[in-house]
Every structure is written in C-alpha cells, then in structure tokens.
>>> print(open('query34.cif').read())   # mmCIF, C-alpha atoms
data_start
#
loop_
_atom_site.group_PDB
_atom_site.id
_atom_site.type_symbol
_atom_site.label_atom_id
_atom_site.label_comp_id
_atom_site.auth_asym_id
_atom_site.auth_seq_id
_atom_site.Cartn_x
_atom_site.Cartn_y
_atom_site.Cartn_z
ATOM 1 C CA VAL A 181 2.974 7.642 19.622
ATOM 2 C CA LYS A 182 3.233 6.008 23.036
ATOM 3 C CA TRP A 183 0.556 3.462 22.124
ATOM 4 C CA ILE A 184 2.333 2.631 18.844
ATOM 5 C CA LEU A 185 5.495 1.909 20.789
ATOM 6 C CA VAL A 186 3.510 -0.190 23.273
ATOM 7 C CA ALA A 187 1.990 -2.134 20.348
ATOM 8 C CA ILE A 188 5.409 -2.846 18.777
ATOM 9 C CA MET A 189 6.835 -3.843 22.140
ATOM 10 C CA VAL A 190 3.958 -6.194 22.930
ATOM 11 C CA ALA A 191 3.776 -7.841 19.484
ATOM 12 C CA ALA A 192 7.524 -8.495 19.415
ATOM 13 C CA THR A 193 7.415 -9.883 22.954
ATOM 14 C CA VAL A 194 4.646 -12.348 22.144
ATOM 15 C CA LEU A 195 6.425 -13.571 18.998
ATOM 16 C CA SER A 196 9.670 -13.928 20.914
ATOM 17 C CA ASP A 197 7.956 -15.917 23.634
ATOM 18 C CA LEU A 198 6.300 -18.296 21.188
ATOM 19 C CA LEU A 199 9.629 -19.010 19.477
ATOM 20 C CA GLN A 200 11.398 -19.402 22.806
ATOM 21 C CA SER A 201 8.763 -21.829 24.014
ATOM 22 C CA HIS A 202 9.055 -23.921 20.880
ATOM 23 C CA GLU A 203 12.818 -24.387 21.299
ATOM 24 C CA MET A 204 12.967 -24.648 25.076
ATOM 25 C CA LYS A 205 10.425 -27.456 24.992
ATOM 26 C CA ARG A 206 12.955 -29.476 23.055
ATOM 27 C CA ALA A 207 15.907 -28.435 25.196
ATOM 28 C CA GLY A 208 14.881 -29.992 28.501
ATOM 29 C CA GLY A 209 15.603 -28.818 32.048
ATOM 30 C CA GLN A 210 18.296 -26.252 32.661
ATOM 31 C CA SER A 211 20.242 -25.825 35.853
ATOM 32 C CA VAL A 212 21.385 -22.687 37.617
ATOM 33 C CA GLY A 213 24.880 -21.775 38.773
ATOM 34 C CA ALA A 214 27.796 -20.436 36.757
ATOM 35 C CA ARG A 215 28.290 -23.612 34.738
ATOM 36 C CA GLY A 216 24.576 -24.082 34.151
ATOM 37 C CA LEU A 217 24.239 -20.526 32.826
ATOM 38 C CA LEU A 218 27.236 -21.012 30.542
ATOM 39 C CA ARG A 219 25.632 -24.162 29.149
ATOM 40 C CA LEU A 220 22.428 -22.195 28.642
ATOM 41 C CA VAL A 221 24.269 -19.512 26.651
ATOM 42 C CA ARG A 222 25.936 -22.196 24.508
ATOM 43 C CA MET A 223 22.570 -23.819 23.869
ATOM 44 C CA ILE A 224 21.048 -20.497 22.787
ATOM 45 C CA ALA A 225 23.847 -19.984 20.263
ATOM 46 C CA GLN A 226 23.136 -23.381 18.692
ATOM 47 C CA ARG A 227 19.398 -23.035 18.170
ATOM 48 C CA ARG A 228 17.962 -20.971 15.325
ATOM 49 C CA PHE A 229 14.567 -20.241 16.796
ATOM 50 C CA LEU A 230 16.148 -19.074 20.023
ATOM 51 C CA ILE A 231 18.309 -16.635 18.066
ATOM 52 C CA LEU A 232 15.220 -15.422 16.199
ATOM 53 C CA SER A 233 13.414 -15.151 19.505
ATOM 54 C CA ILE A 234 16.238 -12.983 20.814
ATOM 55 C CA ALA A 235 15.994 -10.784 17.688
ATOM 56 C CA CYS A 236 12.294 -10.209 18.448
ATOM 57 C CA MET A 237 13.233 -9.473 22.013
ATOM 58 C CA ALA A 238 15.678 -6.844 20.722
ATOM 59 C CA VAL A 239 12.914 -5.161 18.694
ATOM 60 C CA SER A 240 10.700 -5.163 21.762
ATOM 61 C CA PHE A 241 13.568 -3.804 23.798
ATOM 62 C CA PHE A 242 14.294 -0.913 21.432
ATOM 63 C CA ALA A 243 10.612 0.015 21.544
ATOM 64 C CA PHE A 244 10.859 -0.048 25.328
ATOM 65 C CA MET A 245 13.968 2.177 25.218
ATOM 66 C CA ALA A 246 12.143 4.738 23.088
ATOM 67 C CA LEU A 247 9.070 4.526 25.303
ATOM 68 C CA VAL A 248 10.929 4.982 28.549
ATOM 69 C CA GLN A 249 12.782 8.012 27.168
ATOM 70 C CA THR A 250 9.610 10.052 26.930
ATOM 71 C CA GLU A 251 7.104 8.233 29.137
ATOM 72 C CA PRO A 252 7.291 7.468 32.870
ATOM 73 C CA LEU A 253 8.671 4.106 33.978
ATOM 74 C CA SER A 254 5.462 3.669 35.979
ATOM 75 C CA PHE A 255 3.612 3.619 32.642
ATOM 76 C CA ALA A 256 6.107 1.798 30.399
ATOM 77 C CA VAL A 257 6.581 -1.334 32.504
ATOM 78 C CA PRO A 258 2.937 -1.975 33.469
ATOM 79 C CA ALA A 259 1.874 -1.269 29.858
ATOM 80 C CA SER A 260 4.118 -4.116 28.704
ATOM 81 C CA ALA A 261 1.672 -6.456 30.488
ATOM 82 C CA ALA A 262 -0.694 -6.022 27.541
ATOM 83 C CA SER A 263 1.233 -9.012 26.148
ATOM 84 C CA PHE A 264 -0.871 -11.228 28.441
ATOM 85 C CA ALA A 265 -4.020 -10.123 26.655
ATOM 86 C CA LEU A 266 -2.535 -10.461 23.147
ATOM 87 C CA GLU A 267 -1.163 -13.908 23.841
ATOM 88 C CA THR A 268 -4.474 -15.102 25.240
ATOM 89 C CA LEU A 269 -6.225 -13.764 22.145
ATOM 90 C CA LEU A 270 -3.695 -15.469 19.832
ATOM 91 C CA ALA A 271 -3.961 -18.743 21.731
ATOM 92 C CA GLY A 272 -7.699 -18.713 21.097
ATOM 93 C CA LEU A 273 -7.705 -17.438 17.520
ATOM 94 C CA ILE A 274 -4.622 -19.051 15.988
ATOM 95 C CA LEU A 275 -3.725 -22.014 18.180
ATOM 96 C CA ARG A 276 -7.410 -22.840 18.714
ATOM 97 C CA GLU A 277 -6.814 -23.417 22.399
ATOM 98 C CA ARG A 278 -9.808 -23.452 24.660
ATOM 99 C CA ILE A 279 -9.469 -20.327 26.787
ATOM 100 C CA SER A 280 -10.695 -20.964 30.311
ATOM 101 C CA ALA A 281 -12.990 -18.400 31.899
ATOM 102 C CA ARG A 282 -10.253 -17.747 34.450
ATOM 103 C CA ARG A 283 -7.627 -16.954 31.820
ATOM 104 C CA ALA A 284 -10.030 -14.799 29.816
ATOM 105 C CA ALA A 285 -10.946 -12.904 32.982
ATOM 106 C CA GLY A 286 -7.255 -12.449 33.842
ATOM 107 C CA ALA A 287 -6.477 -11.113 30.355
ATOM 108 C CA LEU A 288 -9.443 -8.711 30.530
ATOM 109 C CA ILE A 289 -8.384 -7.462 33.953
ATOM 110 C CA VAL A 290 -4.847 -6.878 32.622
ATOM 111 C CA LEU A 291 -6.286 -4.944 29.689
ATOM 112 C CA CYS A 292 -8.393 -2.778 32.022
ATOM 113 C CA GLY A 293 -5.266 -2.229 34.104
ATOM 114 C CA VAL A 294 -3.268 -1.111 31.058
ATOM 115 C CA ALA A 295 -6.068 1.285 30.068
ATOM 116 C CA LEU A 296 -6.101 2.703 33.600
ATOM 117 C CA VAL A 297 -2.308 3.038 33.700
ATOM 118 C CA GLY A 298 -2.286 4.845 30.358
ATOM 119 C CA GLY A 299 -5.275 7.051 31.099
ATOM 120 C CA MET B 62 19.711 -35.907 53.222
ATOM 121 C CA THR B 63 16.047 -36.708 53.819
ATOM 122 C CA GLY B 64 13.349 -36.014 51.289
ATOM 123 C CA SER B 65 12.033 -33.018 53.186
ATOM 124 C CA GLU B 66 15.553 -31.552 53.489
ATOM 125 C CA THR B 67 16.025 -31.953 49.764
ATOM 126 C CA ARG B 68 12.717 -30.224 49.113
ATOM 127 C CA GLN B 69 13.665 -27.444 51.521
ATOM 128 C CA ALA B 70 16.990 -26.933 49.760
ATOM 129 C CA ALA B 71 15.218 -26.820 46.383
ATOM 130 C CA ALA B 72 12.682 -24.281 47.696
ATOM 131 C CA LEU B 73 15.513 -22.129 49.068
ATOM 132 C CA ARG B 74 17.285 -22.264 45.742
ATOM 133 C CA VAL B 75 14.148 -21.217 43.853
ATOM 134 C CA GLY B 76 13.572 -18.402 46.373
ATOM 135 C CA GLY B 77 17.160 -17.192 46.030
ATOM 136 C CA VAL B 78 17.066 -17.214 42.228
ATOM 137 C CA PHE B 79 13.689 -15.443 42.325
ATOM 138 C CA LEU B 80 14.920 -12.637 44.628
ATOM 139 C CA LEU B 81 18.059 -12.157 42.547
ATOM 140 C CA PHE B 82 15.895 -12.013 39.424
ATOM 141 C CA LEU B 83 13.614 -9.329 40.910
ATOM 142 C CA ALA B 84 16.607 -7.276 42.065
ATOM 143 C CA LEU B 85 18.256 -7.457 38.634
ATOM 144 C CA LYS B 86 15.002 -6.486 36.920
ATOM 145 C CA ALA B 87 14.569 -3.515 39.200
ATOM 146 C CA LEU B 88 18.168 -2.421 38.650
ATOM 147 C CA GLY B 89 17.768 -2.875 34.888
ATOM 148 C CA ASN B 90 14.557 -0.865 34.669
ATOM 149 C CA LEU B 91 15.864 1.948 36.811
ATOM 150 C CA SER B 92 19.273 2.222 35.183
ATOM 151 C CA LEU B 93 17.854 2.056 31.653
ATOM 152 C CA ALA B 94 15.131 4.610 32.359
ATOM 153 C CA TRP B 95 17.634 6.968 33.986
ATOM 154 C CA GLY B 96 20.087 6.620 31.083
ATOM 155 C CA MET B 97 17.418 7.121 28.394
ATOM 156 C CA LYS B 98 15.817 10.115 30.079
ATOM 157 C CA HIS B 99 19.222 11.827 30.242
ATOM 158 C CA PHE B 100 20.248 10.792 26.724
ATOM 159 C CA PRO B 101 20.464 13.937 24.579
ATOM 160 C CA GLN B 102 19.130 12.488 21.314
ATOM 161 C CA ALA B 103 15.488 11.563 20.735
ATOM 162 C CA MET B 104 14.764 8.057 19.436
ATOM 163 C CA SER B 105 13.225 7.730 15.978
ATOM 164 C CA ALA B 106 12.945 5.212 13.139
ATOM 165 C CA ASN B 107 16.655 5.842 12.552
ATOM 166 C CA PRO B 108 18.627 3.054 14.297
ATOM 167 C CA LEU B 109 21.710 5.235 14.900
ATOM 168 C CA PRO B 110 20.493 6.972 18.086
ATOM 169 C CA PHE B 111 19.513 3.551 19.482
ATOM 170 C CA LEU B 112 23.006 2.215 18.838
ATOM 171 C CA LYS B 113 24.563 5.317 20.388
ATOM 172 C CA ALA B 114 22.324 4.981 23.415
ATOM 173 C CA LEU B 115 23.577 1.422 23.956
ATOM 174 C CA PHE B 116 26.958 2.904 24.869
ATOM 175 C CA ASP B 117 25.544 5.198 27.523
ATOM 176 C CA PRO B 118 26.886 3.759 30.820
ATOM 177 C CA PHE B 119 23.470 3.715 32.546
ATOM 178 C CA VAL B 120 21.787 2.120 29.545
ATOM 179 C CA ALA B 121 24.604 -0.441 29.298
ATOM 180 C CA VAL B 122 24.280 -1.374 32.982
ATOM 181 C CA GLY B 123 20.521 -1.699 32.499
ATOM 182 C CA ILE B 124 20.970 -4.015 29.535
ATOM 183 C CA LEU B 125 23.510 -6.145 31.388
ATOM 184 C CA ALA B 126 21.080 -6.481 34.306
ATOM 185 C CA PHE B 127 18.280 -7.461 31.892
ATOM 186 C CA ILE B 128 20.430 -10.117 30.206
ATOM 187 C CA LEU B 129 21.326 -11.654 33.562
ATOM 188 C CA ALA B 130 17.671 -11.448 34.649
ATOM 189 C CA LEU B 131 16.594 -13.157 31.430
ATOM 190 C CA LEU B 132 19.028 -16.036 31.968
ATOM 191 C CA LEU B 133 17.879 -16.322 35.577
ATOM 192 C CA ARG B 134 14.242 -16.415 34.440
ATOM 193 C CA MET B 135 14.998 -19.232 32.034
ATOM 194 C CA ALA B 136 16.764 -21.088 34.835
ATOM 195 C CA LEU B 137 13.866 -20.341 37.190
ATOM 196 C CA LEU B 138 11.418 -21.788 34.686
ATOM 197 C CA SER B 139 13.452 -24.973 34.624
ATOM 198 C CA LEU B 140 13.240 -25.229 38.429
ATOM 199 C CA ALA B 141 9.647 -24.233 39.105
ATOM 200 C CA ASP B 142 6.239 -24.381 37.475
ATOM 201 C CA LEU B 143 5.239 -21.497 35.246
ATOM 202 C CA SER B 144 2.066 -21.261 37.309
ATOM 203 C CA TYR B 145 4.312 -20.374 40.249
ATOM 204 C CA VAL B 146 6.797 -18.188 38.361
ATOM 205 C CA LEU B 147 4.292 -15.946 36.552
ATOM 206 C CA PRO B 148 2.136 -14.857 39.489
ATOM 207 C CA VAL B 149 5.068 -14.209 41.818
ATOM 208 C CA THR B 150 7.045 -12.285 39.210
ATOM 209 C CA ALA B 151 3.979 -10.141 38.425
ATOM 210 C CA ILE B 152 4.935 -8.212 41.561
ATOM 211 C CA GLY B 153 7.578 -6.633 39.303
ATOM 212 C CA TYR B 154 4.957 -4.337 37.701
ATOM 213 C CA PHE B 155 4.294 -2.886 41.100
ATOM 214 C CA ILE B 156 8.018 -2.559 41.883
ATOM 215 C CA ALA B 157 8.568 -0.654 38.613
ATOM 216 C CA ALA B 158 5.861 1.869 39.484
ATOM 217 C CA LEU B 159 7.376 2.282 42.934
ATOM 218 C CA LEU B 160 10.876 2.807 41.482
ATOM 219 C CA GLY B 161 9.521 5.441 39.103
ATOM 220 C CA LYS B 162 7.912 7.326 41.941
ATOM 221 C CA VAL B 163 10.800 7.123 44.416
ATOM 222 C CA PHE B 164 13.877 7.445 42.201
ATOM 223 C CA LEU B 165 12.645 9.194 39.052
ATOM 224 C CA ASN B 166 10.247 11.589 40.807
ATOM 225 C CA GLU B 167 7.351 10.457 38.645
ATOM 226 C CA THR B 168 3.869 11.446 39.630
ATOM 227 C CA VAL B 169 1.909 8.231 40.000
ATOM 228 C CA SER B 170 -1.785 9.014 40.146
ATOM 229 C CA ASN B 171 -4.272 6.918 42.087
ATOM 230 C CA GLN B 172 -5.639 5.750 38.749
ATOM 231 C CA ARG B 173 -2.201 4.482 37.751
ATOM 232 C CA TRP B 174 -1.744 2.633 41.049
ATOM 233 C CA LEU B 175 -5.165 1.066 40.560
ATOM 234 C CA GLY B 176 -4.213 0.055 37.015
ATOM 235 C CA THR B 177 -0.995 -1.512 38.306
ATOM 236 C CA VAL B 178 -2.950 -3.500 40.907
ATOM 237 C CA PHE B 179 -5.354 -4.656 38.146
ATOM 238 C CA ILE B 180 -2.390 -5.777 36.034
ATOM 239 C CA PHE B 181 -0.882 -7.643 38.977
ATOM 240 C CA ILE B 182 -4.162 -9.463 39.693
ATOM 241 C CA GLY B 183 -4.831 -10.182 36.012
ATOM 242 C CA ALA B 184 -1.295 -11.463 35.394
ATOM 243 C CA ALA B 185 -1.517 -13.693 38.454
ATOM 244 C CA LEU B 186 -4.875 -15.067 37.244
ATOM 245 C CA VAL B 187 -3.589 -15.792 33.737
ATOM 246 C CA GLY B 188 -0.424 -17.315 35.184
ATOM 247 C CA THR B 189 -2.250 -19.801 37.369
ATOM 248 C CA THR B 190 -4.358 -21.128 34.485
ATOM 249 C CA ALA B 191 -3.718 -24.725 33.424
ATOM 250 C CA HIS B 192 -1.188 -24.700 30.575
ATOM 251 C CA SER B 193 -2.445 -27.469 28.390
ATOM 252 C CA THR B 194 -5.953 -27.203 27.045
ATOM 253 C CA THR B 195 -5.378 -29.166 23.887
ATOM 254 C CA GLU B 196 -4.453 -32.481 25.519
ATOM 255 C CA ALA B 197 -4.726 -34.190 28.897
ATOM 256 C CA ALA B 198 -2.699 -32.225 31.428
ATOM 257 C CA PRO B 199 0.086 -34.247 33.071
ATOM 258 C CA ALA B 200 0.109 -34.679 36.844
ATOM 259 C CA PRO B 201 1.961 -31.798 38.466
ATOM 260 C CA VAL B 202 5.556 -32.512 39.468
ATOM 261 C CA ARG B 203 7.829 -30.396 41.605
ATOM 262 C CA ARG B 204 10.637 -30.077 39.157
ATOM 263 C CA MET B 205 9.630 -29.226 35.647
ATOM 264 C CA THR B 206 11.639 -28.874 32.527
ATOM 265 C CA ALA B 207 12.187 -25.631 30.725
ATOM 266 C CA GLY B 208 9.617 -26.928 28.291
ATOM 267 C CA GLN B 209 6.973 -25.778 30.709
ATOM 268 C CA GLY B 210 8.528 -22.396 30.400
ATOM 269 C CA ALA B 211 8.368 -19.149 28.645
ATOM 270 C CA GLY B 212 6.303 -19.893 25.608
ATOM 271 C CA ASP B 213 3.604 -21.867 27.311
ATOM 272 C CA GLY B 214 2.427 -18.915 29.240
ATOM 273 C CA PRO B 215 1.733 -15.339 28.470
ATOM 274 C CA GLY B 216 4.567 -13.346 27.009
ATOM 275 C CA VAL B 217 6.644 -11.445 29.444
ATOM 276 C CA PRO B 218 9.299 -9.069 28.202
ATOM 277 C CA PRO B 219 12.526 -8.822 30.174
ATOM 278 C CA TYR B 220 11.565 -5.452 31.658
ATOM 279 C CA GLY B 221 8.046 -6.596 32.420
ATOM 280 C CA GLY B 222 6.363 -8.650 35.093
ATOM 281 C CA ALA B 223 8.592 -11.606 34.757
ATOM 282 C CA ALA B 224 11.422 -9.324 35.175
ATOM 283 C CA ARG B 225 9.258 -7.457 36.099
#
>>> encode(input="query34.cif", output="structure tokens")
Amino acid sequence: VKWILVAIMVAATVLSDLLQSHEMKRAGGQSVGARGLLRLVRMIAQRRFLILSIACMAVSFFAFMALVQTEPLSFAVPASAASFALETLLAGLILRERISARRAAGALIVLCGVALVGG
Amino acid sequence: MTGSETRQAAALRVGGVFLLFLALKALGNLSLAWGMKHFPQAMSANPLPFLKALFDPFVAVGILAFILALLLRMALLSLADLSYVLPVTAIGYFIAALLGKVFLNETVSNQRWLGTVFIFIGAALVGTTAHSTTEAAPAPVRRMTAGQGAGDGPGVPPYGGAAR
C-alpha cells in the first residue's frame, strides 16, 4: 500500500508541476514581500491551469497525508523525490527532450536512494 | 547604491527567503506528521476522514506552513535560477529524516540515511542540469523570471525537497 500511495503522490506532483510551469512561464517574474505575495495569489486565482495544478497538488497532498499517517516521515518525504525520476523519464519519452548523461545519472541515483529509503 | 551592493542585497534577500522556506517546510512536515499519526481515523478511499483530518489543529498548522512555503518557493524561483533553487532545497530531504528521528522517535537505519544522501546527491545533479535541451540555451542572467521555475525542472511536491 505504501508504494501505491507513493505512486499517486509522485504522479500528481509531476502533473501539477508541468501545469504550473506552463502558466508561470507566461506570468513573468514575481516579487516577494506582502504585496508581492498578494499579487501572486490573485494571479493564481485568474489562471485555469494554475488552479488545475493546485488540484493535482491537493491529490498529491492527500496521498502524502495518508502515507505519513502510517509510514515514518523519514520515509515519506525522501520517497517523494521519486518525482525527479518520473519527470526525467517523461521529458525523454513524451516531450522528446534530450536527456543529458548528468540528468539521467541524477535521476538514477535518486531512484536508488528511494529504493534504499524504502527497503 | 553600487552594483556590488545591489547584488549583495539581492543575495541576502534570496538567502532570507530560502531560510524562511526551509523553516516553513520543516514546520509543515513535522506538524502534519504529528497530527496525522495522532488522528484516530485511518485514511481510505473515502474522502470524509481526509476532510475531518484537515480540521485537526496540527494538520491545519502543517497545511498553512506548506501553503506559505509554496508561495515562497514560487517567489524564490522568480528571484533565482532553478539550477540554484533545486540543489539547495534538496537539503530538505535530509532535514525531514532528521526531524523524524529527533521529534517523532523514528528509527532511521543506516540504509535509510544512505538512501537520503543518494536522493540529495541525485536531486542536486538533476537540478544543475541545463534546462533547455530543445533550443539554444539563453545566456545565464542573475535575475530570472518565474518562467524558469517550477515546471522546467523536476517536480517537487510542497513537502518534498523543494520544501523539502
């Protein structure tokens, strides 16, 4: 069960990140500070893909809640890093990006790390 | 203000936002884990226990911390390169394991520590990869737009490395 929850969490995270990237690319630079954050919140409310991205984030979050209830925090958080590997795989397979040896190595090392953490 | 003073001020700002982000992530992870572990109902496919759990004070504090951390991460990505943000925030995986051991009395085996170190190294490696492989990469600039942000790099959930 713990690996199913990890899979849901990771898949939803990757989808959320792709959607967020798509919209934020069009939004331009954001500033920090109270007013900057307020503007950021307003911008989120106006953009569909960002709202969808947040919905995916919620799914990922609920999976994390369920995971952390029964599994140690020292497993749940590092296991979420499997998203690095999935996103690298998707970038190669779907987006047809050239995956550098460095990125592929990084993703593989993360995957080994997740296997070790879960073992 | 001279150019170097301006750069210094910008670096300080990025550092401050980064530290605040890490602290909020740590608080969020710890509070949420504590609240969920003490929540009487087990989570299932039924959404009701999830909704009930949202009103647990510890879970609520955790969520609030995550929301603030998420906004800070978005702001951070607008101030600094993703290739800087991802590797430095990967330290969060290590912090989470440490929090589990110290505050939640979790047994963290040597194998798990090793796995966490692997994840940190791997995440840092992926994070420092050039972002654009489909077109000519632009010359690096100090201040980047949020467009260089979240989606360009590997996915990082709010409780994870980036928050993490």
>>> closest_atom_pairs(input="query34.cif", of="range 224-260 of chain A", to="range 83-95 of chain B", cutoff="10 Å", atoms="only C-alpha atoms", output="tab-separated table")
residue	atom	partner	partner_atom	distance
A:Phe244	CA	B:Ala94	CA	9.5
A:Met245	CA	B:Leu93	CA	7.5
A:Ala246	CA	B:Ala94	CA	9.7
A:Leu247	CA	B:Ala94	CA	9.3
A:Val248	CA	B:Ala94	CA	5.7
A:Gln249	CA	B:Ala94	CA	6.6
A:Thr250	CA	B:Ala94	CA	9.5
A:Glu251	CA	B:Ala94	CA	9.4
A:Pro252	CA	B:Ala94	CA	8.4
A:Leu253	CA	B:Ala94	CA	6.7
A:Ala256	CA	B:Ala94	CA	9.7
A:Val257	CA	B:Asn90	CA	8.3
>>> write_last_selection(input="query34.cif", atoms="C-alpha atoms", output="PDB file, in the frame of the given file")
ATOM      1  CA  PHE A 244      10.859  -0.048  25.328  1.00  0.00           C
ATOM      2  CA  MET A 245      13.968   2.177  25.218  1.00  0.00           C
ATOM      3  CA  ALA A 246      12.143   4.738  23.088  1.00  0.00           C
ATOM      4  CA  LEU A 247       9.070   4.526  25.303  1.00  0.00           C
ATOM      5  CA  VAL A 248      10.929   4.982  28.549  1.00  0.00           C
ATOM      6  CA  GLN A 249      12.782   8.012  27.168  1.00  0.00           C
ATOM      7  CA  THR A 250       9.610  10.052  26.930  1.00  0.00           C
ATOM      8  CA  GLU A 251       7.104   8.233  29.137  1.00  0.00           C
ATOM      9  CA  PRO A 252       7.291   7.468  32.870  1.00  0.00           C
ATOM     10  CA  LEU A 253       8.671   4.106  33.978  1.00  0.00           C
ATOM     11  CA  ALA A 256       6.107   1.798  30.399  1.00  0.00           C
ATOM     12  CA  VAL A 257       6.581  -1.334  32.504  1.00  0.00           C
TER      13      VAL A 257
END
>>> resolve_selection(input="query34.cif", expression="the PyMOL selection byres ((chain A and resi 225-229) around 8)", output="list in words")
Leu199, Gln200, His202, Glu203, Val221, Arg222, Met223, Ile224, Leu230, Ile231, Leu232 and Ser233 of chain A
>>> residues_near_point(input="query34.cif", point="(2.7, -0.1, 22.0)", cutoff="10 Å", atoms="all atoms listed in the file", output="list in words")
Val181, Lys182, Trp183, Ile184, Leu185, Val186, Ala187, Ile188, Met189, Val190, Ala191, Ser240, Ala243, Phe244, Leu247, Ala256, Ala259, Ser260, Ala262 and Ser263 of chain A
>>> atom_distance(input="query34.cif", atom1="CA of Thr177 in chain B", atom2="CA of Ala281 in chain A")
21.7 Å
>>> resolve_selection(input="query34.cif", expression="the PyMOL selection byres ((chain A) within 6 of (chain B))", output="JSON, numbers by chain")
{"A": [193, 194, 197, 198, 200, 201, 204, 205, 208, 209, 210, 211, 212, 246, 248, 249, 253, 254, 257, 258, 260, 263, 264, 267, 278, 283, 286, 287, 289, 290, 293, 296, 297]}
>>> closest_residue(input="query34.cif", among="A:Leu195, A:Leu269, A:Leu217, A:Val239", to="Leu288 in chain A", atoms="only C-alpha atoms")
A:Leu269
>>> closest_residue(input="query34.cif", among="B:Val122, B:Asp117, B:Gly64, B:Ala130", to="Thr150 in chain B", atoms="all atoms listed in the file")
B:Ala130
>>> axis_aligned_box(input="query34.cif", around="range 241-251 of chain A", padding_each_side="4 Å", output="JSON")
{"center_x": 10.7, "center_y": 3.1, "center_z": 25.3, "size_x": 15.2, "size_y": 21.9, "size_z": 15.7}
>>> atom_distance(input="query34.cif", atom1="CA of Arg134 in chain B", atom2="CA of Ala72 in chain B")
15.5 Å
>>> atom_distance(input="query34.cif", atom1="CA of Leu291 in chain A", atom2="CA of Val146 in chain B")
20.5 Å
>>> closest_residue(input="query34.cif", among="B:Leu80, B:Arg68, B:Phe119, B:Leu73", to="Val149 in chain B", atoms="all atoms listed in the file")
B:Leu80
>>> decode(input="query34.cif", residues="range 82-129 of chain B", atoms="C-alpha atoms", output="short mmCIF file (atom, residue, chain, number, x, y, z; two decimals), in the first residue's frame")
data_model
loop_
_atom_site.label_atom_id
_atom_site.label_comp_id
_atom_site.auth_asym_id
_atom_site.auth_seq_id
_atom_site.Cartn_x
_atom_site.Cartn_y
_atom_site.Cartn_z
CA PHE B 82 11.16 28.48 3.13
CA LEU B 83 13.19 25.66 4.71
CA ALA B 84 11.89 26.53 8.18
CA LEU B 85 8.27 26.57 6.99
CA LYS B 86 8.73 23.24 5.20
CA ALA B 87 10.20 21.67 8.29
CA LEU B 88 7.39 23.02 10.46
CA GLY B 89 4.81 21.83 7.93
CA ASN B 90 6.21 18.31 7.69
CA LEU B 91 6.55 17.91 11.42
CA SER B 92 3.18 19.35 12.35
CA LEU B 93 1.34 17.39 9.66
CA ALA B 94 3.06 14.11 10.52
CA TRP B 95 2.36 14.62 14.23
CA GLY B 96 -1.31 15.46 13.59
CA MET B 97 -1.86 12.51 11.22
CA LYS B 98 -0.15 9.97 13.45
CA HIS B 99 -2.40 11.02 16.35
CA PHE B 100 -5.55 11.22 14.22
CA PRO B 101 -7.93 8.46 15.35
CA GLN B 102 -9.38 7.52 11.95
CA ALA B 103 -7.45 5.65 9.27
CA MET B 104 -7.36 7.18 5.78
CA SER B 105 -9.04 5.27 2.96
CA ALA B 106 -10.60 5.90 -0.46
CA ASN B 107 -13.42 7.63 1.43
CA PRO B 108 -12.74 11.41 1.36
CA LEU B 109 -14.55 12.07 4.67
CA PRO B 110 -11.67 11.15 7.02
CA PHE B 111 -9.36 13.36 4.92
CA LEU B 112 -11.73 16.30 5.30
CA LYS B 113 -12.05 15.66 9.04
CA ALA B 114 -8.29 15.47 9.37
CA LEU B 115 -7.96 18.92 7.78
CA PHE B 116 -9.58 20.36 10.91
CA ASP B 117 -7.10 18.75 13.27
CA PRO B 118 -5.09 21.70 14.68
CA PHE B 119 -1.68 20.12 13.96
CA VAL B 120 -2.69 19.15 10.43
CA ALA B 121 -4.11 22.65 9.85
CA VAL B 122 -0.89 24.31 11.04
CA GLY B 123 1.08 21.98 8.77
CA ILE B 124 -1.06 22.88 5.77
CA LEU B 125 -0.76 26.60 6.49
CA ALA B 126 3.03 26.25 6.68
CA PHE B 127 3.04 24.34 3.36
CA ILE B 128 0.93 26.99 1.63
CA LEU B 129 3.27 29.75 2.79
#
